[in-house]
>>> print(open('coords.cif').read())   # mmCIF, C-alpha atoms
data_run
loop_
_atom_site.label_atom_id
_atom_site.label_comp_id
_atom_site.auth_asym_id
_atom_site.auth_seq_id
_atom_site.Cartn_x
_atom_site.Cartn_y
_atom_site.Cartn_z
CA MET X 25 79.00 56.52 -0.45
CA LYS X 26 80.85 59.62 -1.67
CA LYS X 27 81.49 60.87 1.88
CA SER X 28 82.71 57.44 2.99
CA VAL X 29 85.14 57.16 0.07
CA LEU X 30 86.46 60.65 0.77
CA ALA X 31 86.99 59.76 4.44
CA VAL X 32 88.94 56.62 3.47
CA LEU X 33 91.04 58.61 1.01
CA ALA X 34 91.72 61.23 3.71
CA LEU X 35 92.97 58.53 6.11
CA LEU X 36 95.17 57.04 3.39
CA ALA X 37 96.52 60.50 2.56
CA VAL X 38 97.49 61.08 6.20
CA LEU X 39 99.17 57.67 6.50
CA THR X 40 100.96 58.16 3.18
CA ALA X 41 102.27 61.58 4.19
CA LEU X 42 103.49 60.25 7.54
CA TRP X 43 105.12 57.25 5.86
CA LEU X 44 106.94 59.46 3.35
CA ALA X 45 108.17 61.65 6.19
CA ALA X 46 109.39 58.56 8.06
CA LEU X 47 111.33 57.44 4.99
CA ALA X 48 113.59 60.47 5.21
CA GLY X 49 115.38 58.93 8.15
CA ALA X 50 114.47 55.26 8.15
CA ASP X 51 115.06 54.22 4.53
CA ALA X 52 117.01 57.11 3.04
CA ASN X 53 119.76 54.71 1.94
CA ALA X 54 117.49 51.89 0.82
CA GLY X 55 118.57 52.24 -2.81
CA GLY X 56 116.50 52.13 -5.96
CA ASN X 57 116.75 48.53 -7.14
CA PHE X 58 113.75 46.22 -7.48
CA TRP X 59 114.19 44.43 -4.15
CA ALA X 60 114.58 47.69 -2.23
CA LEU X 61 111.45 49.12 -3.82
CA ARG X 62 109.60 45.88 -3.10
CA LYS X 63 110.57 46.17 0.54
CA LEU X 64 109.19 49.72 0.71
CA ALA X 65 105.97 48.63 -1.03
CA ILE X 66 105.53 45.83 1.52
CA TYR X 67 105.91 48.28 4.38
CA TYR X 68 103.53 50.84 2.85
CA THR X 69 100.73 48.43 1.97
CA GLY X 70 100.99 46.76 5.37
CA ILE X 71 100.83 50.07 7.24
CA ALA X 72 97.93 51.38 5.13
CA ALA X 73 95.96 48.11 5.41
CA LEU X 74 96.44 47.89 9.17
CA GLY X 75 95.54 51.57 9.59
CA CYS X 76 92.27 51.15 7.68
CA MET X 77 91.39 47.93 9.48
CA SER X 78 92.08 49.56 12.87
CA ALA X 79 89.80 52.48 12.07
CA GLY X 80 87.12 50.05 10.90
CA LEU X 81 87.31 48.04 14.15
CA LEU X 82 86.95 51.24 16.15
CA LEU X 83 83.81 52.25 14.22
CA ALA X 84 82.38 48.76 14.72
CA THR X 85 82.05 49.53 18.46
CA ARG X 86 79.22 51.97 17.60
CA PRO X 87 80.77 54.94 19.47
CA ALA X 88 78.39 57.82 20.23
CA TRP X 89 80.88 60.38 18.87
CA ALA X 90 80.80 58.69 15.44
CA ASP X 91 77.01 58.93 15.41
CA ARG X 92 77.30 62.69 15.97
CA LEU X 93 80.35 63.38 13.81
CA LEU X 94 79.28 61.35 10.77
CA GLY X 95 75.59 62.21 10.91
CA GLY X 96 74.22 58.88 12.04
CA LEU X 97 75.26 55.30 12.72
CA ASP X 98 74.23 54.36 9.18
CA GLN X 99 77.01 56.61 7.88
CA ALA X 100 79.47 55.12 10.37
CA TYR X 101 78.63 51.61 9.13
CA ARG X 102 78.98 52.70 5.53
CA LEU X 103 82.44 54.09 6.31
CA HIS X 104 83.21 50.87 8.23
CA LYS X 105 82.33 48.87 5.10
CA TRP X 106 84.59 50.92 2.82
CA LEU X 107 87.44 50.78 5.32
CA GLY X 108 87.08 46.99 5.28
CA ILE X 109 87.09 46.84 1.48
CA THR X 110 90.16 49.08 1.33
CA ALA X 111 91.98 47.11 4.04
CA VAL X 112 91.37 43.80 2.25
CA SER X 113 92.50 45.24 -1.09
CA LEU X 114 95.70 46.62 0.44
CA GLY X 115 96.22 43.41 2.41
CA ALA X 116 95.94 41.35 -0.76
CA ALA X 117 98.44 43.68 -2.47
CA HIS X 118 100.76 43.36 0.54
CA TRP X 119 100.59 39.56 0.33
CA LEU X 120 101.12 39.47 -3.46
CA ILE X 121 104.07 41.88 -3.33
CA LYS X 122 105.61 39.59 -0.74
CA LEU X 123 105.03 36.23 -2.47
CA VAL X 124 105.01 36.81 -6.24
CA PRO X 125 108.69 37.84 -6.53
CA LYS X 126 109.68 34.74 -4.55
CA TRP X 127 107.71 32.62 -7.00
CA LEU X 128 109.40 34.39 -9.93
CA VAL X 129 112.81 33.61 -8.40
CA ALA X 130 111.82 29.96 -8.00
CA GLN X 131 110.89 29.85 -11.70
CA GLY X 132 114.23 31.38 -12.63
CA TRP X 133 112.60 34.50 -14.08
CA LEU X 134 114.00 36.91 -11.49
CA GLU X 135 117.42 37.18 -9.91
CA ARG X 136 117.53 36.49 -6.22
CA ALA X 137 118.19 39.49 -3.96
CA ALA X 138 121.77 39.92 -2.82
CA HIS X 139 122.14 39.15 0.87
CA LYS X 140 123.98 41.56 3.10
CA GLY X 141 126.61 40.53 5.61
CA GLY X 142 125.94 39.30 9.12
CA ARG X 143 123.56 41.28 11.23
CA GLY X 144 125.19 40.59 14.57
CA ALA X 145 123.39 39.46 17.68
CA GLU X 146 119.63 39.14 17.37
CA SER X 147 117.41 41.33 19.51
CA TRP X 148 114.17 40.13 21.12
CA LEU X 149 112.30 41.86 18.29
CA ASP X 150 114.25 39.84 15.71
CA LEU X 151 113.13 36.64 17.44
CA LEU X 152 109.50 37.62 16.82
CA ARG X 153 109.92 38.18 13.10
CA LYS X 154 109.51 34.58 11.93
CA PRO X 155 106.35 33.79 13.93
CA ALA X 156 104.95 37.21 13.03
CA GLU X 157 105.51 36.54 9.31
CA SER X 158 103.91 33.09 9.45
CA LEU X 159 100.92 34.14 11.52
CA GLY X 160 100.38 37.22 9.38
CA GLU X 161 100.32 35.16 6.19
CA TRP X 162 97.72 32.75 7.57
CA ALA X 163 95.69 35.69 8.91
CA ILE X 164 95.50 37.19 5.41
CA TYR X 165 94.22 33.84 4.10
CA LEU X 166 91.40 34.10 6.65
CA VAL X 167 90.62 37.81 6.40
CA ILE X 168 90.02 38.00 2.65
CA PRO X 169 87.24 35.35 2.45
CA ILE X 170 85.73 36.46 5.77
CA VAL X 171 85.34 40.08 4.62
CA LEU X 172 83.99 39.03 1.22
CA LEU X 173 81.37 36.79 2.86
CA ALA X 174 80.47 39.46 5.42
CA LEU X 175 79.87 41.98 2.62
CA TRP X 176 77.75 39.56 0.57
CA LYS X 177 74.20 40.64 1.40
CA ARG X 178 72.70 37.23 0.59
CA PHE X 179 74.93 35.54 3.14
CA PRO X 180 72.80 34.74 6.24
CA TYR X 181 72.87 37.34 9.01
CA ARG X 182 73.79 35.01 11.88
CA PRO X 183 76.85 33.42 10.20
CA ALA X 184 77.94 36.91 9.09
CA PHE X 185 77.65 38.06 12.70
CA LEU X 186 79.84 35.14 13.85
CA LEU X 187 82.37 35.82 11.09
CA HIS X 188 82.82 39.33 12.46
CA ARG X 189 83.84 37.77 15.78
CA VAL X 190 86.41 35.62 13.97
CA LEU X 191 87.60 38.71 12.11
CA ALA X 192 88.17 40.52 15.42
CA GLY X 193 90.45 37.71 16.62
CA THR X 194 92.28 37.61 13.29
CA TYR X 195 92.83 41.37 13.53
CA LEU X 196 94.71 40.91 16.82
CA VAL X 197 97.04 38.49 15.01
CA LEU X 198 97.63 41.13 12.33
CA VAL X 199 98.42 43.71 15.02
CA PHE X 200 101.13 41.40 16.32
CA HIS X 201 102.35 40.92 12.72
CA GLY X 202 102.51 44.67 12.08
CA ALA X 203 104.04 45.63 15.42
CA ALA X 204 106.81 43.03 15.09
CA LEU X 205 107.66 43.69 11.45
CA MET X 206 107.36 47.46 11.13
CA PRO X 207 110.91 48.92 11.04
CA PRO X 208 112.02 50.04 14.51
CA ALA X 209 113.01 53.44 13.11
CA TYR X 210 109.38 54.07 12.09
CA TRP X 211 108.27 53.88 15.71
CA LEU X 212 110.37 56.94 16.53
CA THR X 213 108.46 59.12 14.04
CA PRO X 214 104.92 60.60 14.01
CA LEU X 215 103.92 57.62 11.86
CA GLY X 216 104.79 55.29 14.73
CA VAL X 217 102.71 57.34 17.17
CA VAL X 218 99.66 57.38 14.88
CA MET X 219 99.93 53.66 14.15
CA ALA X 220 100.28 52.87 17.85
CA VAL X 221 97.11 54.85 18.59
CA LEU X 222 95.20 53.22 15.72
CA MET X 223 96.29 49.70 16.68
CA ALA X 224 95.45 50.30 20.35
CA ALA X 225 91.99 51.61 19.40
CA GLY X 226 91.41 48.73 16.99
CA SER X 227 92.55 46.18 19.57
CA TRP X 228 90.13 47.64 22.10
CA GLY X 229 87.34 47.32 19.53
CA ALA X 230 88.34 43.74 18.75
CA ALA X 231 88.36 42.87 22.47
CA LEU X 232 84.85 44.33 22.89
CA SER X 233 83.64 42.29 19.91
CA LEU X 234 85.14 39.04 21.18
CA ALA X 235 83.63 39.62 24.62
CA GLY X 236 80.21 40.46 23.14
CA ARG X 237 80.32 43.88 24.80
CA ILE X 238 79.75 46.20 21.84
CA GLY X 239 76.91 48.55 22.79
CA ALA X 240 76.62 46.97 26.26
CA ARG X 241 76.25 50.33 28.01
CA ARG X 242 73.30 51.22 25.82
CA ARG X 243 71.36 47.99 26.34
CA VAL X 244 68.12 47.88 28.29
CA ALA X 245 66.18 44.73 29.11
CA GLY X 246 62.43 44.46 28.64
CA ARG X 247 59.60 42.19 27.59
CA ILE X 248 57.10 41.89 24.77
CA VAL X 249 53.64 43.09 25.81
CA ALA X 250 51.76 42.78 22.51
CA LEU X 251 52.14 41.37 19.00
CA ARG X 252 50.01 42.75 16.19
CA PRO X 253 50.43 40.99 12.83
CA HIS X 254 49.35 42.75 9.63
CA PRO X 255 48.87 39.88 7.15
CA GLY X 256 48.06 42.16 4.24
CA SER X 257 51.52 43.73 4.29
CA GLY X 258 53.56 40.97 5.95
CA VAL X 259 54.43 43.23 8.89
CA LEU X 260 54.60 42.21 12.55
CA GLU X 261 54.18 45.04 15.03
CA VAL X 262 55.97 44.33 18.31
CA GLU X 263 55.15 46.42 21.34
CA CYS X 264 57.52 46.12 24.28
CA GLN X 265 57.90 47.47 27.78
CA LEU X 266 61.47 48.36 28.76
CA ASP X 267 62.99 48.37 32.23
CA ALA X 268 64.47 51.53 33.69
CA GLY X 269 67.47 52.95 31.86
CA TRP X 270 66.16 53.77 28.39
CA PRO X 271 67.19 57.42 27.74
CA GLY X 272 64.31 58.13 25.40
CA HIS X 273 64.45 58.52 21.63
CA ALA X 274 63.51 60.89 18.85
CA ALA X 275 61.25 59.97 15.96
CA GLY X 276 63.33 58.51 13.14
CA GLN X 277 65.87 56.70 15.31
CA PHE X 278 66.46 52.94 15.40
CA ALA X 279 67.67 50.35 17.87
CA PHE X 280 69.27 46.91 17.91
CA VAL X 281 66.82 44.33 19.24
CA THR X 282 67.73 40.89 20.58
CA PHE X 283 64.81 38.49 20.84
CA GLY X 284 67.03 35.50 21.61
CA ARG X 285 70.72 34.93 22.20
CA GLY X 286 70.97 32.38 19.43
CA GLU X 287 70.40 34.95 16.69
CA GLY X 288 71.94 38.11 18.09
CA ALA X 289 70.87 41.73 17.67
CA HIS X 290 69.05 43.02 14.58
CA PRO X 291 68.50 46.70 13.75
CA PHE X 292 64.90 47.94 13.51
CA THR X 293 63.50 51.45 13.23
CA ILE X 294 61.45 52.53 16.25
CA ALA X 295 57.85 52.95 15.09
CA SER X 296 56.48 54.82 18.13
CA ALA X 297 56.99 58.20 19.74
CA TRP X 298 58.61 58.43 23.17
CA ARG X 299 56.15 59.11 25.98
CA ASP X 300 58.54 58.60 28.91
CA ASP X 301 56.73 55.42 29.92
CA GLY X 302 59.20 52.77 28.71
CA ARG X 303 56.96 51.68 25.81
CA LEU X 304 58.44 51.10 22.34
CA SER X 305 57.02 49.61 19.16
CA PHE X 306 58.79 48.08 16.17
CA ALA X 307 57.20 47.31 12.80
CA ILE X 308 59.11 44.34 11.37
CA LYS X 309 58.70 43.37 7.73
CA ALA X 310 59.13 39.72 6.70
CA LEU X 311 62.06 40.26 4.33
CA GLY X 312 64.42 37.39 5.18
CA ASP X 313 64.54 33.97 6.84
CA TYR X 314 64.79 35.44 10.33
CA THR X 315 62.01 38.04 10.04
CA ARG X 316 59.70 35.59 8.24
CA ALA X 317 60.05 33.09 11.08
CA LEU X 318 59.83 35.70 13.86
CA PRO X 319 56.01 35.56 14.35
CA GLN X 320 56.32 31.85 15.23
CA GLN X 321 59.31 32.39 17.52
CA VAL X 322 58.14 35.19 19.81
CA ALA X 323 55.15 35.63 22.09
CA ALA X 324 53.78 38.19 24.51
CA GLY X 325 55.71 38.00 27.77
CA ASP X 326 59.01 36.99 26.15
CA ALA X 327 62.15 38.80 27.28
CA LEU X 328 64.13 40.96 24.89
CA THR X 329 67.01 43.44 24.92
CA VAL X 330 67.01 46.80 23.15
CA GLU X 331 70.21 48.73 22.44
CA GLY X 332 70.21 52.35 21.37
CA PRO X 333 68.87 54.70 20.28
CA TYR X 334 70.90 55.41 17.15
CA GLY X 335 70.51 57.53 14.04
CA ARG X 336 70.11 61.14 12.87
CA PHE X 337 66.94 60.92 10.80
CA ASP X 338 65.61 63.79 12.90
CA PHE X 339 63.25 65.81 10.65
CA ALA X 340 65.24 69.00 11.25
CA GLY X 341 65.54 71.12 8.10
CA ARG X 342 65.66 74.63 6.68
CA GLY X 343 62.76 74.41 4.25
CA GLU X 344 59.37 76.07 4.65
CA ARG X 345 57.63 72.72 4.25
CA GLN X 346 58.50 69.07 4.72
CA VAL X 347 57.94 66.23 2.28
CA TRP X 348 58.05 62.65 3.54
CA VAL X 349 58.42 59.74 1.14
CA ALA X 350 58.09 56.21 2.49
CA GLY X 351 58.50 53.04 0.47
CA GLY X 352 57.04 49.88 2.03
CA ILE X 353 58.37 49.26 5.55
CA GLY X 354 60.11 52.64 5.25
CA ILE X 355 56.96 54.09 6.80
CA THR X 356 58.21 53.19 10.32
CA PRO X 357 60.15 56.41 11.16
CA PHE X 358 57.20 58.46 9.91
CA LEU X 359 54.83 56.55 12.19
CA ALA X 360 56.89 57.67 15.17
CA ARG X 361 56.94 61.24 13.88
CA LEU X 362 53.17 61.25 13.29
CA GLU X 363 52.60 60.06 16.86
CA ALA X 364 54.90 62.78 18.22
CA LEU X 365 53.20 65.51 16.18
CA ALA X 366 49.74 64.28 17.13
CA ALA X 367 50.68 64.38 20.82
CA ALA X 368 51.97 67.95 20.35
CA GLY X 369 48.73 69.14 18.74
CA GLY X 370 49.82 68.83 15.12
CA SER X 371 52.58 70.06 12.82
CA ARG X 372 53.38 73.77 12.78
CA GLN X 373 54.57 73.69 9.17
CA PRO X 374 53.07 72.14 6.03
CA VAL X 375 53.91 68.44 5.70
CA ASP X 376 53.07 66.18 2.74
CA ALA X 377 53.55 62.46 3.39
CA PHE X 378 53.73 60.06 0.42
CA TYR X 379 53.33 56.39 1.31
CA CYS X 380 54.15 54.01 -1.54
CA THR X 381 53.31 50.36 -1.02
CA ALA X 382 52.52 47.28 -3.06
CA ALA X 383 50.50 45.53 -0.33
CA ALA X 384 48.65 47.58 2.25
CA ASP X 385 46.83 46.18 5.27
CA PRO X 386 43.39 47.87 5.63
CA GLY X 387 43.68 48.15 9.40
CA PHE X 388 47.11 49.72 9.15
CA ILE X 389 45.97 52.20 6.48
CA ALA X 390 43.04 53.26 8.66
CA ARG X 391 45.39 53.89 11.58
CA LEU X 392 47.80 55.80 9.32
CA ARG X 393 45.02 58.07 8.07
CA GLN X 394 43.89 58.75 11.62
CA LEU X 395 47.39 59.63 12.78
CA ALA X 396 47.95 61.89 9.76
CA GLU X 397 44.72 63.76 10.52
CA GLN X 398 45.66 64.20 14.19
CA ALA X 399 49.17 65.35 13.23
CA ARG X 400 47.82 67.77 10.58
CA VAL X 401 49.83 66.03 7.87
CA ARG X 402 48.55 65.71 4.32
CA LEU X 403 48.72 62.00 3.43
CA HIS X 404 49.17 60.78 -0.16
CA LEU X 405 48.61 57.02 -0.43
CA ARG X 406 50.08 55.43 -3.55
CA MET X 407 49.32 51.80 -4.32
CA THR X 408 52.11 50.95 -6.76
CA PRO X 409 50.37 48.06 -8.61
CA GLN X 410 47.61 50.48 -9.68
CA ASP X 411 49.23 53.92 -9.42
CA GLY X 412 52.79 53.07 -10.45
CA LEU X 413 55.98 54.27 -8.80
CA LEU X 414 56.20 57.78 -7.44
CA THR X 415 58.33 59.88 -9.82
CA PRO X 416 60.05 63.20 -9.18
CA ALA X 417 57.74 64.84 -11.70
CA THR X 418 54.62 63.49 -9.97
CA LEU X 419 55.90 64.61 -6.59
CA ALA X 420 56.78 68.07 -7.91
CA GLU X 421 53.31 68.41 -9.39
CA ALA X 422 51.72 67.56 -6.03
CA LEU X 423 53.85 70.25 -4.39
CA GLY X 424 52.86 72.95 -6.87
CA GLY X 425 55.80 72.73 -9.27
CA LYS X 426 59.47 73.61 -8.97
CA ASP X 427 58.79 76.51 -6.61
CA GLY X 428 57.18 74.13 -4.12
CA VAL X 429 60.10 71.70 -4.44
CA ALA X 430 62.65 74.48 -3.87
CA ARG X 431 60.97 75.47 -0.58
CA SER X 432 60.91 71.91 0.78
CA ASP X 433 62.98 69.48 2.80
CA VAL X 434 62.54 65.89 1.62
CA TRP X 435 62.82 62.98 4.07
CA PHE X 436 63.03 59.58 2.40
CA CYS X 437 63.01 56.05 3.83
CA GLY X 438 62.69 53.08 1.52
CA PRO X 439 64.54 51.03 -1.10
CA ALA X 440 67.98 52.49 -1.89
CA GLY X 441 67.43 52.50 -5.66
CA PHE X 442 64.14 54.35 -5.29
CA GLY X 443 65.88 56.92 -3.10
CA ARG X 444 68.73 57.49 -5.56
CA ALA X 445 66.32 58.04 -8.46
CA LEU X 446 64.21 60.42 -6.41
CA ARG X 447 67.23 62.38 -5.21
CA ARG X 448 68.55 62.91 -8.76
CA GLY X 449 65.15 63.76 -10.15
CA LEU X 450 64.24 66.25 -7.43
CA ALA X 451 67.61 67.97 -7.81
CA ALA X 452 66.67 68.54 -11.45
CA GLN X 453 63.30 69.87 -10.25
CA GLY X 454 65.03 72.51 -8.14
CA LEU X 455 65.54 70.85 -4.74
CA PRO X 456 68.50 72.65 -3.08
CA ALA X 457 71.61 70.63 -2.21
CA GLY X 458 71.48 69.14 1.26
CA ARG X 459 67.67 69.13 1.42
CA PHE X 460 67.25 65.42 0.60
CA HIS X 461 67.62 63.34 3.76
CA GLN X 462 68.00 59.58 3.48
CA GLU X 463 69.26 57.08 6.00
CA ALA X 464 71.50 54.39 4.49
CA PHE X 465 69.91 51.70 6.65
CA GLU X 466 72.31 48.92 5.68
CA MET X 467 74.53 47.23 8.21
CA ARG X 468 76.66 45.59 5.52
#
>>> encode(input="coords.cif", output="C-alpha cells")
Amino acid sequence: MKKSVLAVLALLAVLTALWLAALAGADANAGGNFWALRKLAIYYTGIAALGCMSAGLLLATRPAWADRLLGGLDQAYRLHKWLGITAVSLGAAHWLIKLVPKWLVAQGWLERAAHKGGRGAESWLDLLRKPAESLGEWAIYLVIPIVLLALWKRFPYRPAFLLHRVLAGTYLVLVFHGAALMPPAYWLTPLGVVMAVLMAAGSWGAALSLAGRIGARRRVAGRIVALRPHPGSGVLEVECQLDAGWPGHAAGQFAFVTFGRGEGAHPFTIASAWRDDGRLSFAIKALGDYTRALPQQVAAGDALTVEGPYGRFDFAGRGERQVWVAGGIGITPFLARLEALAAAGGSRQPVDAFYCTAAADPGFIARLRQLAEQARVRLHLRMTPQDGLLTPATLAEALGGKDGVARSDVWFCGPAGFGRALRRGLAAQGLPAGRFHQEAFEMR
C-alpha cells in the first residue's frame, strides 16, 4: 500500500506543480476574494480528480509495461484502487466547492458574487459549458456510489464487474466535462499537454472496457480436460488444454479464467509448471458464491478462455536459501514451482516450504509430499487446529535462528493479515529489507 500511496502523491505533485505554473499566466489577475479562490479550487480539484481517474482507467487495461514497471499486476491493481479512491475524494470536494457556496447564498449567509460586464459574442466552447456542467454534475452522482460499491469486497463480483463498465462510460462524460470547462489558457501550457495525454489514455482504456476488449490480445481459448475435487479442503482442481497461442508461464504467475460469458473472468493462480504442451491446472478454493457453485457448473469438455500470464511472484532472490510460506489455497504458486523443480532434477539451493492449513485433503497432502521429495524441498506441514498458527519465532527456530533468517528469501502466499504479521515479525528476527515477497492478490 505504501508504494501505491507514494505513486498517487507523486502524480498529484506533478499535476499541482503544472497547475501552479499555469496560474502565472492564466489566473494572475484572478484576485484574492472568496469567489476567486473558490473558482481556483474548483479548477484544481477537477484537474486533479480527472488526472487520477485517467491514470486509473489506463491501469485497468492491464498493460504489460505496468506489470514490469510496478512489479506485478497485483501492484498495478492496488495503485488502480488508490487512484480511484483519490479521484472520488477529489471529485466530491470539487462538487461540494461548487454547490455549497450557492446554497449559502440561497440561505442569505453569503453575499452573491459580483458579476462582470458583458462577455461579448459566445464561442463554440462557451456553448458547451452548460451541457458540460449539467452532465458533469450527474456523472459525479453516479461515480461516487459506483466506486464505493466496487471497492466493497462483500459486494458480488459479477455486479462489481458490470459497475466498472458503467464507470467507464461515466468517465467519458467527465472527460467532456473537463475538456469543455478547463480554462482555454490552461491548454496552452504544459498542464494542458499532460491533461490531454492523460484524458486520451483514459478514454482509450474506457473504450476497451466498454467493448469488452481488455486483455483480448492475451486470451487463448481451450477446454476442460479433467476435474479433480478435493472434498477435504474444498478445492476443485481444474486441468485444461489450451489452443495454440499461449506464450508459456513461470511458476507463481496467475491468469484470468472465463468459464462462461455470464460471469466474466476471474483471476486464479496457475497451479502447474509449463511443459510446452498447452496444459494448465488451476486449484480453485470454494471461498464465495461463484467458486462454491463452480463444481456444479463446469464439466470435462467445457470450453473456457484463459488470459495471461500475469504476475511477478518469480522466486528470484539474493538469499542463500529460500523459505516458502503458504496459507490455505496460497499453496497454488508453490505447486507450480515444485513441479518445475522436480522436472529440473531438484532445487540447487536449500528450500524450506511451510504449508499451513486448517483442512487438508489426504490425497492432496500425499501428492504434495511426493512433489517436495522430487524437488528436493524440505516440507513442513502445519495443521493449524492442532499446531496453531505459524509465528515468526517458530519459523526462525526451524531455520536455525536469526542467522538462518538473515540468509533467506521468504516467499509468502496466503491471507493478507497473516502475511503482514509474518513480515513484521521476521524483520525483527533479522530478515533484510526487500527479502519478503508477497503478492497482493486482490483485484479490489
>>> closest_atom_pairs(input="coords.cif", of="stretch 114-203 of chain X", to="stretch 57-80 of chain X", cutoff="6 Å", atoms="all atoms listed in the file", output="tab-separated table")
residue	atom	partner	partner_atom	distance
X:Leu114	CA	X:Ala73	CA	5.2
X:Gly115	CA	X:Ala73	CA	5.6
X:His118	CA	X:Thr69	CA	5.3
>>> resolve_selection(input="coords.cif", expression="the PyMOL selection byres ((chain X and resi 95-101) around 6)", output="JSON, numbers by chain")
{"X": [91, 92, 93, 94, 102, 103, 104, 335, 336, 464, 465]}
>>> atom_distance(input="coords.cif", atom1="atom CA of X:Leu365", atom2="atom CA of X:Gln346")
13.1 Å
>>> resolve_selection(input="coords.cif", expression="the PyMOL selection byres ((chain X and resi 309) around 7)", output="list in words")
Gly258, Val259, Leu260, Ala307, Ile308, Ala310, Leu311, Thr315 and Ile353 of chain X
>>> residues_around(input="coords.cif", residues="X:Arg406", least_positions_apart="5", cutoff="12 Å", atoms="only C-alpha atoms", output="list of chain:residue names")
X:Val349, X:Ala350, X:Gly351, X:Gly352, X:Ala377, X:Phe378, X:Tyr379, X:Cys380, X:Thr381, X:Ala382, X:Ala383, X:Ala384, X:Ile389, X:Asp411, X:Gly412, X:Leu413, X:Leu414, X:Thr415, X:Thr418, X:Leu419
>>> closest_residue(input="coords.cif", among="X:Asp300, X:Asp313, X:Glu135, X:Glu161", to="X:Pro180", atoms="only C-alpha atoms")
X:Asp313
>>> residues_around(input="coords.cif", residues="X:Arg372", least_positions_apart="5", cutoff="10 Å", atoms="only C-alpha atoms", output="PyMOL selection string")
chain X and resi 345+365+399-401
>>> atom_distance(input="coords.cif", atom1="atom CA of X:Gln453", atom2="atom CA of X:Arg361")
26.4 Å
>>> closest_residue(input="coords.cif", among="X:Ala422, X:Ala116, X:Ala156, X:Ile294", to="X:Glu263", atoms="all atoms listed in the file")
X:Ile294
>>> resolve_selection(input="coords.cif", expression="the PyMOL selection byres ((chain X and resi 397) around 12)", output="PyMOL selection string")
chain X and resi 362-363+365-367+369-371+375-377+390-396+398-404
>>> atom_distance(input="coords.cif", atom1="atom CA of X:Ser113", atom2="atom CA of X:Ser233")
23.0 Å
>>> closest_residue(input="coords.cif", among="X:Glu331, X:Glu261, X:Asp301, X:Asp433", to="X:Thr282", atoms="only C-alpha atoms")
X:Glu331
>>> closest_residue(input="coords.cif", among="X:Ala88, X:Ala289, X:Ala268, X:Val249", to="X:Pro333", atoms="all atoms listed in the file")
X:Ala88
>>> decode(input="coords.cif", residues="stretch 383-394 of chain X", atoms="N, CA, C and O atoms", output="mmCIF file, in the first residue's frame")
data_model
loop_
_atom_site.group_PDB
_atom_site.id
_atom_site.type_symbol
_atom_site.label_atom_id
_atom_site.label_comp_id
_atom_site.auth_asym_id
_atom_site.auth_seq_id
_atom_site.Cartn_x
_atom_site.Cartn_y
_atom_site.Cartn_z
ATOM 1 N N ALA X 383 -7.746 -27.449 6.924
ATOM 2 C CA ALA X 383 -8.442 -28.639 6.435
ATOM 3 C C ALA X 383 -7.678 -29.200 5.250
ATOM 4 O O ALA X 383 -7.737 -28.645 4.156
ATOM 5 N N ALA X 384 -6.941 -30.268 5.471
ATOM 6 C CA ALA X 384 -6.117 -30.843 4.414
ATOM 7 C C ALA X 384 -6.755 -32.104 3.858
ATOM 8 O O ALA X 384 -7.257 -32.944 4.610
ATOM 9 N N ASP X 385 -6.727 -32.246 2.542
ATOM 10 C CA ASP X 385 -7.222 -33.449 1.884
ATOM 11 C C ASP X 385 -6.082 -34.477 1.847
ATOM 12 O O ASP X 385 -4.977 -34.162 1.383
ATOM 13 N N PRO X 386 -6.307 -35.706 2.337
ATOM 14 C CA PRO X 386 -5.224 -36.697 2.399
ATOM 15 C C PRO X 386 -4.555 -36.951 1.048
ATOM 16 O O PRO X 386 -3.326 -37.076 0.966
ATOM 17 N N GLY X 387 -5.363 -37.051 -0.014
ATOM 18 C CA GLY X 387 -4.794 -37.276 -1.330
ATOM 19 C C GLY X 387 -3.899 -36.127 -1.776
ATOM 20 O O GLY X 387 -2.833 -36.337 -2.371
ATOM 21 N N PHE X 388 -4.343 -34.913 -1.488
ATOM 22 C CA PHE X 388 -3.543 -33.748 -1.868
ATOM 23 C C PHE X 388 -2.239 -33.703 -1.074
ATOM 24 O O PHE X 388 -1.177 -33.400 -1.627
ATOM 25 N N ILE X 389 -2.299 -34.010 0.220
ATOM 26 C CA ILE X 389 -1.094 -33.991 1.051
ATOM 27 C C ILE X 389 -0.086 -35.031 0.561
ATOM 28 O O ILE X 389 1.124 -34.775 0.509
ATOM 29 N N ALA X 390 -0.582 -36.198 0.175
ATOM 30 C CA ALA X 390 0.308 -37.237 -0.344
ATOM 31 C C ALA X 390 1.013 -36.763 -1.615
ATOM 32 O O ALA X 390 2.223 -36.986 -1.803
ATOM 33 N N ARG X 391 0.259 -36.110 -2.484
ATOM 34 C CA ARG X 391 0.863 -35.588 -3.720
ATOM 35 C C ARG X 391 1.876 -34.501 -3.409
ATOM 36 O O ARG X 391 2.949 -34.426 -4.017
ATOM 37 N N LEU X 392 1.550 -33.629 -2.441
ATOM 38 C CA LEU X 392 2.449 -32.543 -2.059
ATOM 39 C C LEU X 392 3.762 -33.101 -1.513
ATOM 40 O O LEU X 392 4.850 -32.607 -1.849
ATOM 41 N N ARG X 393 3.677 -34.109 -0.685
ATOM 42 C CA ARG X 393 4.893 -34.721 -0.127
ATOM 43 C C ARG X 393 5.748 -35.329 -1.239
ATOM 44 O O ARG X 393 6.982 -35.209 -1.225
ATOM 45 N N GLN X 394 5.097 -35.968 -2.181
ATOM 46 C CA GLN X 394 5.836 -36.583 -3.289
ATOM 47 C C GLN X 394 6.547 -35.531 -4.130
ATOM 48 O O GLN X 394 7.729 -35.696 -4.487
#
